[in-house]
Amino acid sequence: MHTLMNIQMKSVLISCFLASTFFCFGQATKVDLNNITIARDAWGVPHIFTKTDEEAAYGLAWAHCEDNFEQIQEPFLAAKGMLGAVLGKDGALFDAVGFLIDSRGIVEEKYDSTFSPKFKKMLTAYAAAVNRYAALHPKEIRHKKLFPISPKDIVVAYNISTSLISNIQFNLGRLFEANLEPITSSNQKPLTAGSNGIAIAPHKTKEGKTFLVSNSHQPLRSYLSWYEVHIHTEEGWNFTGATFCGGITPFVGTNEHLGWTHCVNYNDYSDVFELKMHATEKLKYKLNGEWLDLEERIWKAKVKVLCFKLGIKKKFYWSKYGPVVKNKAGFYALRFPSNMVIGAPEQWYHMNKATNLTEFKTALNRQQQPSISTTYADKEGNILFVDNGLFPYRDPNYDWKNVVPGDTSATLWAPKFMPMDSVLQVENPPSGYVFHMNGTGFNSTSDADNPKPSDYNPTMGYITKNLPRQLRFKELIAKHDKLSYEEFKTIKYDQKHRFPLYSRNIENWDLIRHLSPEKHPEIAEVIAAFSKWDGNATIQNKQAAIFVLSTLYLSKYRTQRGIADLAGSFEEDVFVEALLYAQKYLLKHFKSLEIELGALQKHVRGDKVMPIGGVSESIATMYTIPWKKGLRQSDLGESFILFATYNKKGLEKIESISCYGASNRADSPHYNDQMDLYLEQKTKVMSLDKEAILKAAKKTYHPE
């Protein structure tokens, strides 16, 4: 009893200490909580109404913590190198990347000079809200040393995420594996999950309006999953869309005047350099005829393994080029723009507040986003696609698609990047549409209006190959001289693969549809069943499951052989093995080769289990992971979807849907209340009208 009382007293004292600490941190922001009203609509989506933008940042953080405090901690755990201690090996990878690329160092160096006083106040307000929530809910804290978080922690988390979005992991992964195939070639990356962005000009629509769809394919259960929010301040910020955990603004969506979405693009945003090491003197590398010392950097971390936390230590290096990896082939340096700029959070803020195309371009001209494409539309009928990124001035005398020498300043490009007018863009094409689906930006509108590779600096490393989704979209939109809003939505929700099957990474993929049953009698039955497939991946389709399972086999085959990110073709025997795998799997778990796709694939949230369609590289993409008893669970793909239409007066209509619901808390009524609409390919209507939102709100309150 006495011991229990001591434990309880200790818990109370700790809670009081935490509350005192975090409340003081919060008070430094001068945020008046009475100025912050959070209105929850019928779907639980938060609408944040405030006087100032700083107060909006506080309100956004507070609402997000209410809905998903568990995962909102994860980017900050990674920023502090603690994610491995909570998530184990998977989390430790984020910790290691943050250490290797020196995210903390670049933030410390550039924080004061990068951000405006206004935005620093917003960062401080966001951090204060998260700290305050943690202080009031200490039992939900996942690591005792995580709090308080600081404004700089937020920016470090952004830097890690934007670096991964710019795909440095491809080069890092191959360096650690010592696989020195062409590792920087932009046309070698896998380009699988992806996203869709489409904008249609008024002269291309039957209603004479501008259409936009934001259709990012993100993880469904991750801190990189979308969180829907609406922000409305008296300082001119009125925006609805979605953000990630730790995001201080929405990243995609629309205001009264304009909207945009993003897709990951896979251009050449990083370079690998082979260092010339001294034959006898350890850790000396040659640069311009001079021998320099590599700087040793020791990464120490705690990693959760079962119920234990094991200490690990690994040695990394730093050179004039940047981080260095040692492998069995030698020492290789990695250089990339994403650890040279940190201003992406404030750039998104200015994009949120832009009221026309000129202001939006001014925001883009800040050039603080290391990568990601932008697809834009507005009330004036403007549409725009930008295959955005930071492209250094590389010496054209070197082959930047491959490893380049790391012993000359000729390859040591400066942290200075080509201006926005050098970047691939398509603005208001005569065709009346722009789009991006992760493939080449040289196919982002009609063939007649597409930009030409010859017009761009070849050292920029723009990818030149298409993805199946791009080709399918072009096939569908070519059927319409003009299209209605409903036809536009039908294209976005398309789940059909075009024939012949094609992938940048499996160039002879269609061979799997033409195997001979006489030559391969062991798979004659599955060949016969698969020959009926019409390319559709609806819930009811009875051959798509064969495609899903054979594709899983091919993906695993490539990964096991270290060729997951290399383009090429397969021998016929590999496709035979893929169909044999599908045949055995279906017979084992379902006793039949032809089952509805929805019998294999399930969309699961709590006790709600529903069939789901979609496959890899259909426009409405879905990737799945093993669940139980041979079933597979949706994991990545169609997530948050937003449709917006504009007329000359401004934003006319907003529709959106989330794959589950507004809350990540299992006891919330909004944990899975959007699933039915989502699976029926339907949406809910949203609004920017403050009066209407407050009138219809199910709950209004101030943060604590």
# chains A, B, ... in the order shown; residues from 1 in each chain; ligands from 1
$ residues_around --residues "stretch 259-276 of chain A" --least-positions-apart "6" --cutoff "6 Å" --atoms "only C-alpha atoms" --output "ChimeraX atom specification"
/A:186,195,214,252-253,285-286,331-336,372-377,403-406,438,461-463
$ closest_atom_pairs --of "stretch 105-222 of chain A" --to "stretch 621-644 of chain A" --cutoff "12 Å" --atoms "only C-alpha atoms" --output "JSON lines"
{"residue": "A:Thr192", "atom": "CA", "partner": "A:Tyr623", "partner_atom": "CA", "distance": 9.4}
{"residue": "A:Ala193", "atom": "CA", "partner": "A:Gly637", "partner_atom": "CA", "distance": 6.5}
{"residue": "A:Gly194", "atom": "CA", "partner": "A:Gly637", "partner_atom": "CA", "distance": 7.7}
{"residue": "A:Ser195", "atom": "CA", "partner": "A:Gly637", "partner_atom": "CA", "distance": 7.8}
{"residue": "A:Asn196", "atom": "CA", "partner": "A:Thr621", "partner_atom": "CA", "distance": 9.5}
{"residue": "A:Gly197", "atom": "CA", "partner": "A:Leu642", "partner_atom": "CA", "distance": 10.2}
{"residue": "A:Ile198", "atom": "CA", "partner": "A:Phe643", "partner_atom": "CA", "distance": 9.8}
{"residue": "A:Ala199", "atom": "CA", "partner": "A:Ala644", "partner_atom": "CA", "distance": 9.6}
{"residue": "A:Ile200", "atom": "CA", "partner": "A:Ala644", "partner_atom": "CA", "distance": 10.7}
{"residue": "A:Lys209", "atom": "CA", "partner": "A:Ala644", "partner_atom": "CA", "distance": 10.1}
{"residue": "A:Thr210", "atom": "CA", "partner": "A:Ala644", "partner_atom": "CA", "distance": 8.2}
{"residue": "A:Phe211", "atom": "CA", "partner": "A:Ala644", "partner_atom": "CA", "distance": 6.0}
{"residue": "A:Leu212", "atom": "CA", "partner": "A:Ala644", "partner_atom": "CA", "distance": 5.2}
{"residue": "A:Val213", "atom": "CA", "partner": "A:Phe643", "partner_atom": "CA", "distance": 4.6}
{"residue": "A:Ser214", "atom": "CA", "partner": "A:Leu642", "partner_atom": "CA", "distance": 5.1}
{"residue": "A:Asn215", "atom": "CA", "partner": "A:Ile641", "partner_atom": "CA", "distance": 4.9}
{"residue": "A:Ser216", "atom": "CA", "partner": "A:Phe640", "partner_atom": "CA", "distance": 6.7}
{"residue": "A:His217", "atom": "CA", "partner": "A:Gly637", "partner_atom": "CA", "distance": 4.0}
{"residue": "A:Gln218", "atom": "CA", "partner": "A:Gly637", "partner_atom": "CA", "distance": 5.5}
{"residue": "A:Pro219", "atom": "CA", "partner": "A:Leu636", "partner_atom": "CA", "distance": 4.2}
{"residue": "A:Leu220", "atom": "CA", "partner": "A:Leu636", "partner_atom": "CA", "distance": 5.5}
{"residue": "A:Arg221", "atom": "CA", "partner": "A:Asp635", "partner_atom": "CA", "distance": 7.2}
{"residue": "A:Ser222", "atom": "CA", "partner": "A:Asp635", "partner_atom": "CA", "distance": 9.6}
$ select_by_dssp --residues "stretch 109-297 of chain A" --states "alpha helix (DSSP H)" --output "PyMOL selection string"
chain A and resi 109-114+117-136+151-165+168-176
$ residues_around --residues "stretch 657-663 of chain A" --least-positions-apart "2" --cutoff "7 Å" --atoms "only C-alpha atoms" --output "list of chain:residue names"
A:Trp43, A:Gly44, A:Val45, A:Asp67, A:Asn68, A:Tyr227, A:Glu228, A:Ser639, A:Phe640, A:Ile641, A:Leu642, A:Arg665, A:Ser668, A:His670, A:Tyr671, A:Asn672, A:Asp673, A:Gln674, A:Met675, A:Tyr678, A:Thr683, A:Lys684
$ atom_distance --atom1 "atom CA of A:Phe170" --atom2 "atom CA of A:Pro419"
25.7 Å
$ select_by_dssp --residues "stretch 322-462 of chain A" --states "strand (DSSP E)" --output "PyMOL selection string"
chain A and resi 323-327+330-335+373-378+383-386+404-405+425-427+433-436
$ residues_around --residues "A:Thr490" --least-positions-apart "5" --cutoff "10 Å" --atoms "only C-alpha atoms" --output "PDB file with N, CA and C atoms, in the first residue's frame"
ATOM      1  N   LEU A 476      -8.110   7.565 -71.745  1.00  0.00           N
ATOM      2  CA  LEU A 476      -9.465   7.914 -71.326  1.00  0.00           C
ATOM      3  C   LEU A 476      -9.844   9.337 -71.720  1.00  0.00           C
ATOM      4  N   SER A 484     -17.742  16.329 -68.654  1.00  0.00           N
ATOM      5  CA  SER A 484     -18.540  16.834 -67.540  1.00  0.00           C
ATOM      6  C   SER A 484     -17.825  16.529 -66.228  1.00  0.00           C
ATOM      7  N   TYR A 485     -18.334  17.136 -65.146  1.00  0.00           N
ATOM      8  CA  TYR A 485     -17.771  16.886 -63.823  1.00  0.00           C
ATOM      9  C   TYR A 485     -17.886  15.414 -63.457  1.00  0.00           C
ATOM     10  N   GLN A 495     -10.269   1.926 -62.447  1.00  0.00           N
ATOM     11  CA  GLN A 495      -9.471   0.853 -61.847  1.00  0.00           C
ATOM     12  C   GLN A 495      -8.975  -0.152 -62.886  1.00  0.00           C
ATOM     13  N   GLN A 681     -16.837   4.886 -53.780  1.00  0.00           N
ATOM     14  CA  GLN A 681     -16.287   5.942 -54.632  1.00  0.00           C
ATOM     15  C   GLN A 681     -17.197   7.168 -54.621  1.00  0.00           C
TER      16      GLN A 681
END
$ residues_around --residues "A:Pro250" --least-positions-apart "3" --cutoff "8 Å" --atoms "only C-alpha atoms" --output "MDAnalysis selection string"
chainID A and resid 229 239:244 247 253 348 352
$ write_last_selection --atoms "N, CA and C atoms" --output "short mmCIF file (atom, residue, chain, number, x, y, z; two decimals), in the first residue's frame"
data_model
loop_
_atom_site.label_atom_id
_atom_site.label_comp_id
_atom_site.auth_asym_id
_atom_site.auth_seq_id
_atom_site.Cartn_x
_atom_site.Cartn_y
_atom_site.Cartn_z
N VAL A 229 -8.19 18.97 -42.68
CA VAL A 229 -8.39 20.11 -41.79
C VAL A 229 -8.76 21.34 -42.61
N PHE A 239 -8.36 28.00 -45.93
CA PHE A 239 -7.87 26.88 -46.75
C PHE A 239 -8.35 25.56 -46.18
N THR A 240 -8.82 24.69 -47.05
CA THR A 240 -9.19 23.34 -46.62
C THR A 240 -8.39 22.33 -47.44
N GLY A 241 -7.96 21.29 -46.78
CA GLY A 241 -7.15 20.27 -47.45
C GLY A 241 -6.65 19.26 -46.46
N ALA A 242 -5.40 18.85 -46.62
CA ALA A 242 -4.88 17.80 -45.74
C ALA A 242 -3.40 18.00 -45.50
N THR A 243 -2.95 17.50 -44.37
CA THR A 243 -1.56 17.60 -43.98
C THR A 243 -1.11 16.26 -43.40
N PHE A 244 0.16 16.16 -43.04
CA PHE A 244 0.70 14.99 -42.36
C PHE A 244 0.89 15.32 -40.88
N GLY A 247 2.68 18.53 -39.63
CA GLY A 247 2.55 19.58 -40.64
C GLY A 247 1.90 20.82 -40.05
N GLY A 253 -4.77 21.05 -51.27
CA GLY A 253 -6.14 21.47 -51.05
C GLY A 253 -6.48 22.73 -51.80
N TRP A 348 5.04 26.43 -48.09
CA TRP A 348 3.67 25.91 -48.12
C TRP A 348 2.69 26.93 -47.53
N ASN A 352 -0.52 28.46 -49.40
CA ASN A 352 -1.87 28.44 -48.81
C ASN A 352 -2.56 29.79 -48.94
#
$ residues_around --residues "stretch 688-702 of chain A" --least-positions-apart "2" --cutoff "6 Å" --atoms "only C-alpha atoms" --output "number ranges by chain"
A: 36-42
$ closest_residue --among "A:Ala478, A:Ile48, A:Leu357, A:Ile149" --to "A:Ala128" --atoms "only C-alpha atoms"
A:Ile149
$ closest_residue --among "A:Ala201, A:Ile527, A:Ala544, A:Leu287" --to "A:Leu483" --atoms "only C-alpha atoms"
A:Ala201
$ atom_distance --atom1 "atom CA of A:Asp32" --atom2 "atom CA of A:Ile141"
25.2 Å
$ closest_residue --among "A:Lys496, A:Ile654, A:Asn288, A:Asn647" --to "A:Ala410" --atoms "only C-alpha atoms"
A:Asn288
$ residues_around --residues "A:Ile248" --least-positions-apart "5" --cutoff "8 Å" --atoms "only C-alpha atoms" --output "list in words"
Ala57, Leu60, Ala61, Met122, Leu123, Tyr126, Thr243 and Pro345 of chain A
$ write_last_selection --atoms "C-alpha atoms" --output "PDB file, in the first residue's frame"
ATOM      1  CA  ALA A  57      -1.080  26.882 -36.044  1.00  0.00           C
ATOM      2  CA  LEU A  60      -4.271  22.814 -35.939  1.00  0.00           C
ATOM      3  CA  ALA A  61      -1.729  21.158 -33.655  1.00  0.00           C
ATOM      4  CA  MET A 122       3.703  30.022 -35.935  1.00  0.00           C
ATOM      5  CA  LEU A 123       6.298  27.305 -35.357  1.00  0.00           C
ATOM      6  CA  TYR A 126       2.473  24.765 -32.986  1.00  0.00           C
ATOM      7  CA  THR A 243      -1.555  17.597 -43.976  1.00  0.00           C
ATOM      8  CA  PRO A 345       7.256  24.782 -44.249  1.00  0.00           C
TER       9      PRO A 345
END
$ closest_residue --among "A:Ser338, A:Ala78, A:Leu679, A:Ser687" --to "A:Ser166" --atoms "only C-alpha atoms"
A:Ser338
$ atom_distance --atom1 "atom CA of A:Asp447" --atom2 "atom CA of A:Ser431"
9.1 Å
$ decode --residues "stretch 50-112 of chain A" --atoms "C-alpha atoms" --output "PDB file, in the first residue's frame"
ATOM      1  CA  THR A  50      -8.876  32.216 -35.259  1.00  0.00           C
ATOM      2  CA  LYS A  51      -7.855  35.866 -35.411  1.00  0.00           C
ATOM      3  CA  THR A  52      -4.198  35.264 -36.261  1.00  0.00           C
ATOM      4  CA  ASP A  53      -2.255  32.714 -38.230  1.00  0.00           C
ATOM      5  CA  GLU A  54      -0.189  31.877 -35.132  1.00  0.00           C
ATOM      6  CA  GLU A  55      -3.384  30.939 -33.337  1.00  0.00           C
ATOM      7  CA  ALA A  56      -4.371  28.796 -36.316  1.00  0.00           C
ATOM      8  CA  ALA A  57      -1.080  26.882 -36.044  1.00  0.00           C
ATOM      9  CA  TYR A  58      -1.851  26.260 -32.367  1.00  0.00           C
ATOM     10  CA  GLY A  59      -5.398  25.154 -33.175  1.00  0.00           C
ATOM     11  CA  LEU A  60      -4.271  22.814 -35.939  1.00  0.00           C
ATOM     12  CA  ALA A  61      -1.729  21.158 -33.655  1.00  0.00           C
ATOM     13  CA  TRP A  62      -4.281  20.816 -30.854  1.00  0.00           C
ATOM     14  CA  ALA A  63      -6.963  19.272 -33.064  1.00  0.00           C
ATOM     15  CA  HIS A  64      -4.478  16.896 -34.652  1.00  0.00           C
ATOM     16  CA  CYS A  65      -3.274  15.777 -31.209  1.00  0.00           C
ATOM     17  CA  GLU A  66      -6.866  15.121 -30.185  1.00  0.00           C
ATOM     18  CA  ASP A  67      -7.329  12.874 -33.209  1.00  0.00           C
ATOM     19  CA  ASN A  68      -3.921  11.206 -33.458  1.00  0.00           C
ATOM     20  CA  PHE A  69      -1.508  12.052 -30.662  1.00  0.00           C
ATOM     21  CA  GLU A  70       0.030   8.604 -30.985  1.00  0.00           C
ATOM     22  CA  GLN A  71       1.410   9.179 -34.477  1.00  0.00           C
ATOM     23  CA  ILE A  72       1.929  12.933 -34.274  1.00  0.00           C
ATOM     24  CA  GLN A  73       4.799  12.100 -31.922  1.00  0.00           C
ATOM     25  CA  GLU A  74       6.603  10.021 -34.542  1.00  0.00           C
ATOM     26  CA  PRO A  75       8.122  12.746 -36.737  1.00  0.00           C
ATOM     27  CA  PHE A  76       9.406  14.461 -33.604  1.00  0.00           C
ATOM     28  CA  LEU A  77      10.795  11.184 -32.280  1.00  0.00           C
ATOM     29  CA  ALA A  78      12.674  10.867 -35.581  1.00  0.00           C
ATOM     30  CA  ALA A  79      13.850  14.482 -35.305  1.00  0.00           C
ATOM     31  CA  LYS A  80      15.345  13.666 -31.904  1.00  0.00           C
ATOM     32  CA  GLY A  81      16.743  10.292 -32.978  1.00  0.00           C
ATOM     33  CA  MET A  82      14.355   8.355 -30.737  1.00  0.00           C
ATOM     34  CA  LEU A  83      11.995   6.652 -33.173  1.00  0.00           C
ATOM     35  CA  GLY A  84      13.945   3.383 -33.087  1.00  0.00           C
ATOM     36  CA  ALA A  85      13.451   3.200 -29.335  1.00  0.00           C
ATOM     37  CA  VAL A  86       9.688   3.216 -29.926  1.00  0.00           C
ATOM     38  CA  LEU A  87       9.166   1.433 -33.252  1.00  0.00           C
ATOM     39  CA  GLY A  88      12.239  -0.780 -33.410  1.00  0.00           C
ATOM     40  CA  LYS A  89      14.216  -1.376 -36.581  1.00  0.00           C
ATOM     41  CA  ASP A  90      11.817   0.465 -38.862  1.00  0.00           C
ATOM     42  CA  GLY A  91      11.981   3.566 -36.705  1.00  0.00           C
ATOM     43  CA  ALA A  92      15.748   3.336 -36.403  1.00  0.00           C
ATOM     44  CA  LEU A  93      16.038   3.754 -40.173  1.00  0.00           C
ATOM     45  CA  PHE A  94      14.499   7.233 -39.871  1.00  0.00           C
ATOM     46  CA  ASP A  95      16.838   8.029 -36.975  1.00  0.00           C
ATOM     47  CA  ALA A  96      19.851   6.906 -38.990  1.00  0.00           C
ATOM     48  CA  VAL A  97      18.856   8.920 -42.057  1.00  0.00           C
ATOM     49  CA  GLY A  98      18.380  12.047 -39.961  1.00  0.00           C
ATOM     50  CA  PHE A  99      21.839  11.577 -38.441  1.00  0.00           C
ATOM     51  CA  LEU A 100      23.563  10.652 -41.696  1.00  0.00           C
ATOM     52  CA  ILE A 101      22.273  13.656 -43.644  1.00  0.00           C
ATOM     53  CA  ASP A 102      22.783  15.961 -40.628  1.00  0.00           C
ATOM     54  CA  SER A 103      19.253  17.360 -40.552  1.00  0.00           C
ATOM     55  CA  ARG A 104      19.821  18.818 -37.098  1.00  0.00           C
ATOM     56  CA  GLY A 105      23.011  20.552 -38.212  1.00  0.00           C
ATOM     57  CA  ILE A 106      21.454  22.218 -41.254  1.00  0.00           C
ATOM     58  CA  VAL A 107      18.486  23.443 -39.190  1.00  0.00           C
ATOM     59  CA  GLU A 108      20.757  24.900 -36.517  1.00  0.00           C
ATOM     60  CA  GLU A 109      22.780  26.635 -39.230  1.00  0.00           C
ATOM     61  CA  LYS A 110      19.922  28.082 -41.284  1.00  0.00           C
ATOM     62  CA  TYR A 111      16.927  28.472 -38.966  1.00  0.00           C
ATOM     63  CA  ASP A 112      17.367  32.151 -38.071  1.00  0.00           C
TER      64      ASP A 112
END
